[in-house]
Amino acid sequence: METIGFLMDGFAVALTPYNLMFALFGAFAGTLIGCLPGLGPANGVAILIPLAFTLGLPPETAMILLTSVYAGAMYGGRISSILLNIPGDEPAMMTCLDGYPMAQQGRAADALAISAIASFAGSLIGTIGLIILAPVLARFALTFGPVEYFALFLLAFATLGGITGKNPMKTVIAAVLGIMISTVGIDISTGTQRYTAGVLELYEGIDFILAIVGLFAISELLFFVEARMGKGRSKVKVGKLTLSFKEIVSTIPTQLRGGVLGFIAGVLPGAGASLGSFISYTLEKSVIGKKGRFGEGDIRGVVAPEAGNNGAASGALVPMLTLGVPGSGTTAVLLAMLISLNITPGPLMFTQNADIVWGVIAALLIGNVLLLILNIPMIGVFVRLLSVPPMYLLPIVTMVAFVGIYSISHSTFDLYFMIVFGVGGFILRKLEIPMVPIILGLLLGPEMEKNLGHALILSDGDWMTLWSSPLAIGLWLVAGLGLVLPTLVGPTLRRRMRNSIKEGPVSD
């Protein structure tokens, strides 16, 4: 009953006209961003963070905007998968399997409609799971001390990138690089300057908002410039909507299975939406067996991965809100936004910032209804966006990033530094070094260092204190598995995910 009361308070926050307007804008903008191949939810959220600061939005409104963008981008990723056989982002890969064959058979409108319904169902299941599990986990996390938090942060570094990462060693390198960057500035314990090179602007450390916008938005711009993508993609005929009510009802079991599996995958740090969509599709294929036409345009082959990846998107918010540990790349960006708003994610957030937590959760429920309403009648708008040349879209994205960053500090140094991170991100991505572990290192590095210091002070410098509780030992063991399993299992699973797609991306 207490949870229901908090949720009602959240609806009171989310349903104000001001917050509702930004939820609608975020859902629409997120869908537009998600349907553009290559951008994805992490880039979409990173691009709009400066806008939130430029508009001077209060914390609850800013988080409602960005979580709505997150949810919208998860919806939008399916559009280019179905119409072009090009996933909007990695979680949408599995949607290509049956979505594109449906489009080739003249049922593109049906595939887009049922995928929107499946996305709604998966996200709804995930959000309900978030409402039930998050308060329980938050109360449990109140028992954590500095030793347990240090082990938890180590677990986050060990598992992020995890089973869907391309190269575990490169993931480790990226995390170490992020931690190194987080140490720039004045040590709060000793007052010693660290890696500042005498530059006054570096005394307070490196603003992770600069790093995020540079690593994601600016590096993405450089990739577009390199590719010289001056032409839009060819228009795709969507056709008439012929989806029957009977077909929708027949997919309800698939939606339920996909949503639950996706939510479980999302709660696991490092697993995320890619794994959620893969296991949902694989399970559905096993359940249906030879009765299905998977890979040939089976409607359940569209429903399962979409329910799975949207369920995982909501599930990834559980560890971020309750433990301060992101469950995915996009939640790492959202975590950065919380910290920049002087809000400390974790169990105390549910009491100290209950309006923000429950306002965001209520906004997710409202946003999913808005997305379902938007996505079916506005299919034509999103399809036409795919034909707009990036040479017109990218300058707008860049302008938002530069204006937003300058509005935060009014410092040209920050703009130059953002460009440095953008160039660095471009080079690292060319070397296939992931960006998310770098962001995680920037965000969690200071907290990890602080908790390690507290643990050692309390134990008079005894390092054995790091293994002094059963919970800490358990976290250490899981962290060890998180490092070992991707090396043993990851390559095989990734190969199966990619081999499942019989046709590679089609060229325009």
# chains A, B, ... in the order shown; residues from 1 in each chain; ligands from 1
call {"tool": "residues_around", "arguments": {"residues": "Ala134 of chain A", "least_positions_apart": "6", "cutoff": "12 Å", "atoms": "only C-alpha atoms", "output": "list in words"}}
result
Thr3, Gly126, Thr127, Ile128, Phe140, Ala141, Val267, Ser314, Gly315, Ala316, Leu317, Val318, Pro319, Met320, Leu321, Thr322, Leu323, Gly324, Gly346, Pro347, Met349, Phe350, Val357, Trp358 and Ile361 of chain A
call {"tool": "write_last_selection", "arguments": {"atoms": "N, CA and C atoms", "output": "PDB file, in the first residue's frame"}}
result
ATOM      1  N   THR A   3       3.740   1.608  -1.412  1.00  0.00           N
ATOM      2  CA  THR A   3       4.230   1.809  -2.776  1.00  0.00           C
ATOM      3  C   THR A   3       3.172   2.480  -3.641  1.00  0.00           C
ATOM      4  N   GLY A 126       8.013  -4.206 -17.743  1.00  0.00           N
ATOM      5  CA  GLY A 126       9.258  -3.781 -17.107  1.00  0.00           C
ATOM      6  C   GLY A 126       9.037  -2.705 -16.060  1.00  0.00           C
ATOM      7  N   THR A 127       8.151  -1.760 -16.351  1.00  0.00           N
ATOM      8  CA  THR A 127       7.880  -0.686 -15.396  1.00  0.00           C
ATOM      9  C   THR A 127       7.171  -1.209 -14.158  1.00  0.00           C
ATOM     10  N   ILE A 128       6.247  -2.155 -14.344  1.00  0.00           N
ATOM     11  CA  ILE A 128       5.588  -2.782 -13.192  1.00  0.00           C
ATOM     12  C   ILE A 128       6.629  -3.518 -12.339  1.00  0.00           C
ATOM     13  N   PHE A 140      17.046  -3.096   0.977  1.00  0.00           N
ATOM     14  CA  PHE A 140      18.166  -4.019   1.185  1.00  0.00           C
ATOM     15  C   PHE A 140      19.505  -3.280   1.096  1.00  0.00           C
ATOM     16  N   ALA A 141      19.603  -2.329   0.160  1.00  0.00           N
ATOM     17  CA  ALA A 141      20.857  -1.600  -0.048  1.00  0.00           C
ATOM     18  C   ALA A 141      21.214  -0.700   1.132  1.00  0.00           C
ATOM     19  N   VAL A 267      17.750  -6.023 -15.407  1.00  0.00           N
ATOM     20  CA  VAL A 267      18.171  -5.839 -14.013  1.00  0.00           C
ATOM     21  C   VAL A 267      19.614  -6.290 -13.814  1.00  0.00           C
ATOM     22  N   SER A 314      13.415  -0.848 -19.050  1.00  0.00           N
ATOM     23  CA  SER A 314      12.867  -0.485 -17.734  1.00  0.00           C
ATOM     24  C   SER A 314      13.627  -1.201 -16.620  1.00  0.00           C
ATOM     25  N   GLY A 315      13.992  -2.457 -16.857  1.00  0.00           N
ATOM     26  CA  GLY A 315      14.734  -3.207 -15.853  1.00  0.00           C
ATOM     27  C   GLY A 315      16.082  -2.594 -15.535  1.00  0.00           C
ATOM     28  N   ALA A 316      16.724  -1.993 -16.532  1.00  0.00           N
ATOM     29  CA  ALA A 316      18.044  -1.391 -16.326  1.00  0.00           C
ATOM     30  C   ALA A 316      17.993  -0.197 -15.382  1.00  0.00           C
ATOM     31  N   LEU A 317      16.792   0.380 -15.186  1.00  0.00           N
ATOM     32  CA  LEU A 317      16.658   1.499 -14.258  1.00  0.00           C
ATOM     33  C   LEU A 317      16.689   1.048 -12.801  1.00  0.00           C
ATOM     34  N   VAL A 318      16.437  -0.252 -12.550  1.00  0.00           N
ATOM     35  CA  VAL A 318      16.385  -0.746 -11.170  1.00  0.00           C
ATOM     36  C   VAL A 318      17.732  -0.572 -10.467  1.00  0.00           C
ATOM     37  N   PRO A 319      18.836  -1.130 -10.981  1.00  0.00           N
ATOM     38  CA  PRO A 319      20.113  -0.944 -10.278  1.00  0.00           C
ATOM     39  C   PRO A 319      20.587   0.505 -10.265  1.00  0.00           C
ATOM     40  N   MET A 320      20.206   1.290 -11.296  1.00  0.00           N
ATOM     41  CA  MET A 320      20.638   2.684 -11.324  1.00  0.00           C
ATOM     42  C   MET A 320      19.993   3.486 -10.201  1.00  0.00           C
ATOM     43  N   LEU A 321      18.688   3.324 -10.020  1.00  0.00           N
ATOM     44  CA  LEU A 321      17.970   4.107  -9.017  1.00  0.00           C
ATOM     45  C   LEU A 321      18.229   3.615  -7.595  1.00  0.00           C
ATOM     46  N   THR A 322      18.368   2.292  -7.425  1.00  0.00           N
ATOM     47  CA  THR A 322      18.468   1.743  -6.071  1.00  0.00           C
ATOM     48  C   THR A 322      19.892   1.636  -5.556  1.00  0.00           C
ATOM     49  N   LEU A 323      20.851   1.390  -6.460  1.00  0.00           N
ATOM     50  CA  LEU A 323      22.239   1.170  -6.050  1.00  0.00           C
ATOM     51  C   LEU A 323      23.206   2.222  -6.589  1.00  0.00           C
ATOM     52  N   GLY A 324      22.730   3.036  -7.531  1.00  0.00           N
ATOM     53  CA  GLY A 324      23.633   3.998  -8.151  1.00  0.00           C
ATOM     54  C   GLY A 324      24.566   3.350  -9.137  1.00  0.00           C
ATOM     55  N   GLY A 346      20.791   5.989  -5.317  1.00  0.00           N
ATOM     56  CA  GLY A 346      21.006   4.958  -4.323  1.00  0.00           C
ATOM     57  C   GLY A 346      19.776   4.811  -3.447  1.00  0.00           C
ATOM     58  N   PRO A 347      19.891   3.991  -2.413  1.00  0.00           N
ATOM     59  CA  PRO A 347      18.712   3.698  -1.579  1.00  0.00           C
ATOM     60  C   PRO A 347      18.117   4.920  -0.896  1.00  0.00           C
ATOM     61  N   MET A 349      17.839   7.791  -2.058  1.00  0.00           N
ATOM     62  CA  MET A 349      17.111   8.612  -3.029  1.00  0.00           C
ATOM     63  C   MET A 349      15.610   8.384  -2.913  1.00  0.00           C
ATOM     64  N   PHE A 350      15.213   7.184  -2.484  1.00  0.00           N
ATOM     65  CA  PHE A 350      13.788   6.863  -2.379  1.00  0.00           C
ATOM     66  C   PHE A 350      13.115   7.587  -1.215  1.00  0.00           C
ATOM     67  N   VAL A 357      12.067  10.212  -8.015  1.00  0.00           N
ATOM     68  CA  VAL A 357      12.032   8.779  -8.330  1.00  0.00           C
ATOM     69  C   VAL A 357      10.649   8.365  -8.815  1.00  0.00           C
ATOM     70  N   TRP A 358       9.630   8.656  -8.027  1.00  0.00           N
ATOM     71  CA  TRP A 358       8.292   8.205  -8.372  1.00  0.00           C
ATOM     72  C   TRP A 358       7.691   9.029  -9.496  1.00  0.00           C
ATOM     73  N   ILE A 361       9.086   7.255 -12.536  1.00  0.00           N
ATOM     74  CA  ILE A 361       8.406   5.977 -12.753  1.00  0.00           C
ATOM     75  C   ILE A 361       6.996   6.200 -13.306  1.00  0.00           C
TER      76      ILE A 361
END
call {"tool": "select_by_dssp", "arguments": {"residues": "segment 240-272 of chain A", "states": "helix (DSSP H, G or I)", "output": "NGL selection string"}}
result
:A and (245-250 or 252-267 or 272)
call {"tool": "residues_around", "arguments": {"residues": "segment 395-403 of chain A", "least_positions_apart": "5", "cutoff": "8 Å", "atoms": "only C-alpha atoms", "output": "list in words"}}
result
Ile47, Leu48, Pro50, Leu51, Thr54, Val213, Ala217, Ile218, Leu221 and Leu415 of chain A
call {"tool": "closest_residue", "arguments": {"among": "A:Val225, A:Met74, A:Ile439, A:Leu268", "to": "Tyr392 of chain A", "atoms": "only C-alpha atoms"}}
result
A:Val225
call {"tool": "atom_distance", "arguments": {"atom1": "atom CA of Leu57 of chain A", "atom2": "atom CA of Thr344 of chain A"}}
result
18.0 Å
call {"tool": "closest_atom_pairs", "arguments": {"of": "segment 50-124 of chain A", "to": "segment 279-302 of chain A", "cutoff": "6 Å", "atoms": "only C-alpha atoms", "output": "CSV"}}
result
residue,atom,partner,partner_atom,distance
A:Thr95,CA,A:Val302,CA,5.4
A:Leu97,CA,A:Gly295,CA,5.1
A:Asp98,CA,A:Gly297,CA,4.2
A:Gly99,CA,A:Val302,CA,5.6
A:Pro101,CA,A:Gly297,CA,4.8
A:Met102,CA,A:Gly297,CA,4.6
call {"tool": "write_last_selection", "arguments": {"atoms": "C-alpha atoms", "output": "compact mmCIF listing (two decimals), in the first residue's frame"}}
result
# COMPACT_ATOMS: atom_id res chain seq x y z
CA THR A 95 13.74 -7.39 -35.04
CA LEU A 97 14.85 -11.27 -38.65
CA ASP A 98 11.10 -11.24 -39.20
CA GLY A 99 10.33 -7.52 -39.44
CA PRO A 101 10.64 -10.12 -44.37
CA MET A 102 7.20 -8.84 -43.34
call {"tool": "atom_distance", "arguments": {"atom1": "atom CA of Leu142 of chain A", "atom2": "atom CA of Met448 of chain A"}}
result
17.1 Å
call {"tool": "residues_around", "arguments": {"residues": "segment 58-60 of chain A", "least_positions_apart": "5", "cutoff": "8 Å", "atoms": "only C-alpha atoms", "output": "list in words"}}
result
Leu338, Leu341, Asp355, Ile356, Gly359 and Val360 of chain A
call {"tool": "atom_distance", "arguments": {"atom1": "atom CA of Gly191 of chain A", "atom2": "atom CA of Pro326 of chain A"}}
result
29.6 Å
call {"tool": "residues_around", "arguments": {"residues": "Leu444 of chain A", "least_positions_apart": "4", "cutoff": "8 Å", "atoms": "only C-alpha atoms", "output": "PyMOL selection string"}}
result
chain A and resi 153+179+440+448
call {"tool": "write_last_selection", "arguments": {"atoms": "C-alpha atoms", "output": "mmCIF file, in the first residue's frame"}}
result
data_model
loop_
_atom_site.group_PDB
_atom_site.id
_atom_site.type_symbol
_atom_site.label_atom_id
_atom_site.label_comp_id
_atom_site.auth_asym_id
_atom_site.auth_seq_id
_atom_site.Cartn_x
_atom_site.Cartn_y
_atom_site.Cartn_z
ATOM 1 C CA PHE A 153 31.272 -0.735 -7.855
ATOM 2 C CA ILE A 179 38.808 5.926 -13.738
ATOM 3 C CA LEU A 440 31.132 4.521 -15.919
ATOM 4 C CA MET A 448 34.772 3.971 -5.520
#
call {"tool": "closest_residue", "arguments": {"among": "A:Ala118, A:Ile132, A:Ala156, A:Ile366", "to": "Gly259 of chain A", "atoms": "only C-alpha atoms"}}
result
A:Ala118
call {"tool": "select_by_dssp", "arguments": {"residues": "segment 146-262 of chain A", "states": "strand (DSSP E or B)", "output": "number ranges by chain"}}
result
A: 185-186, 193-194
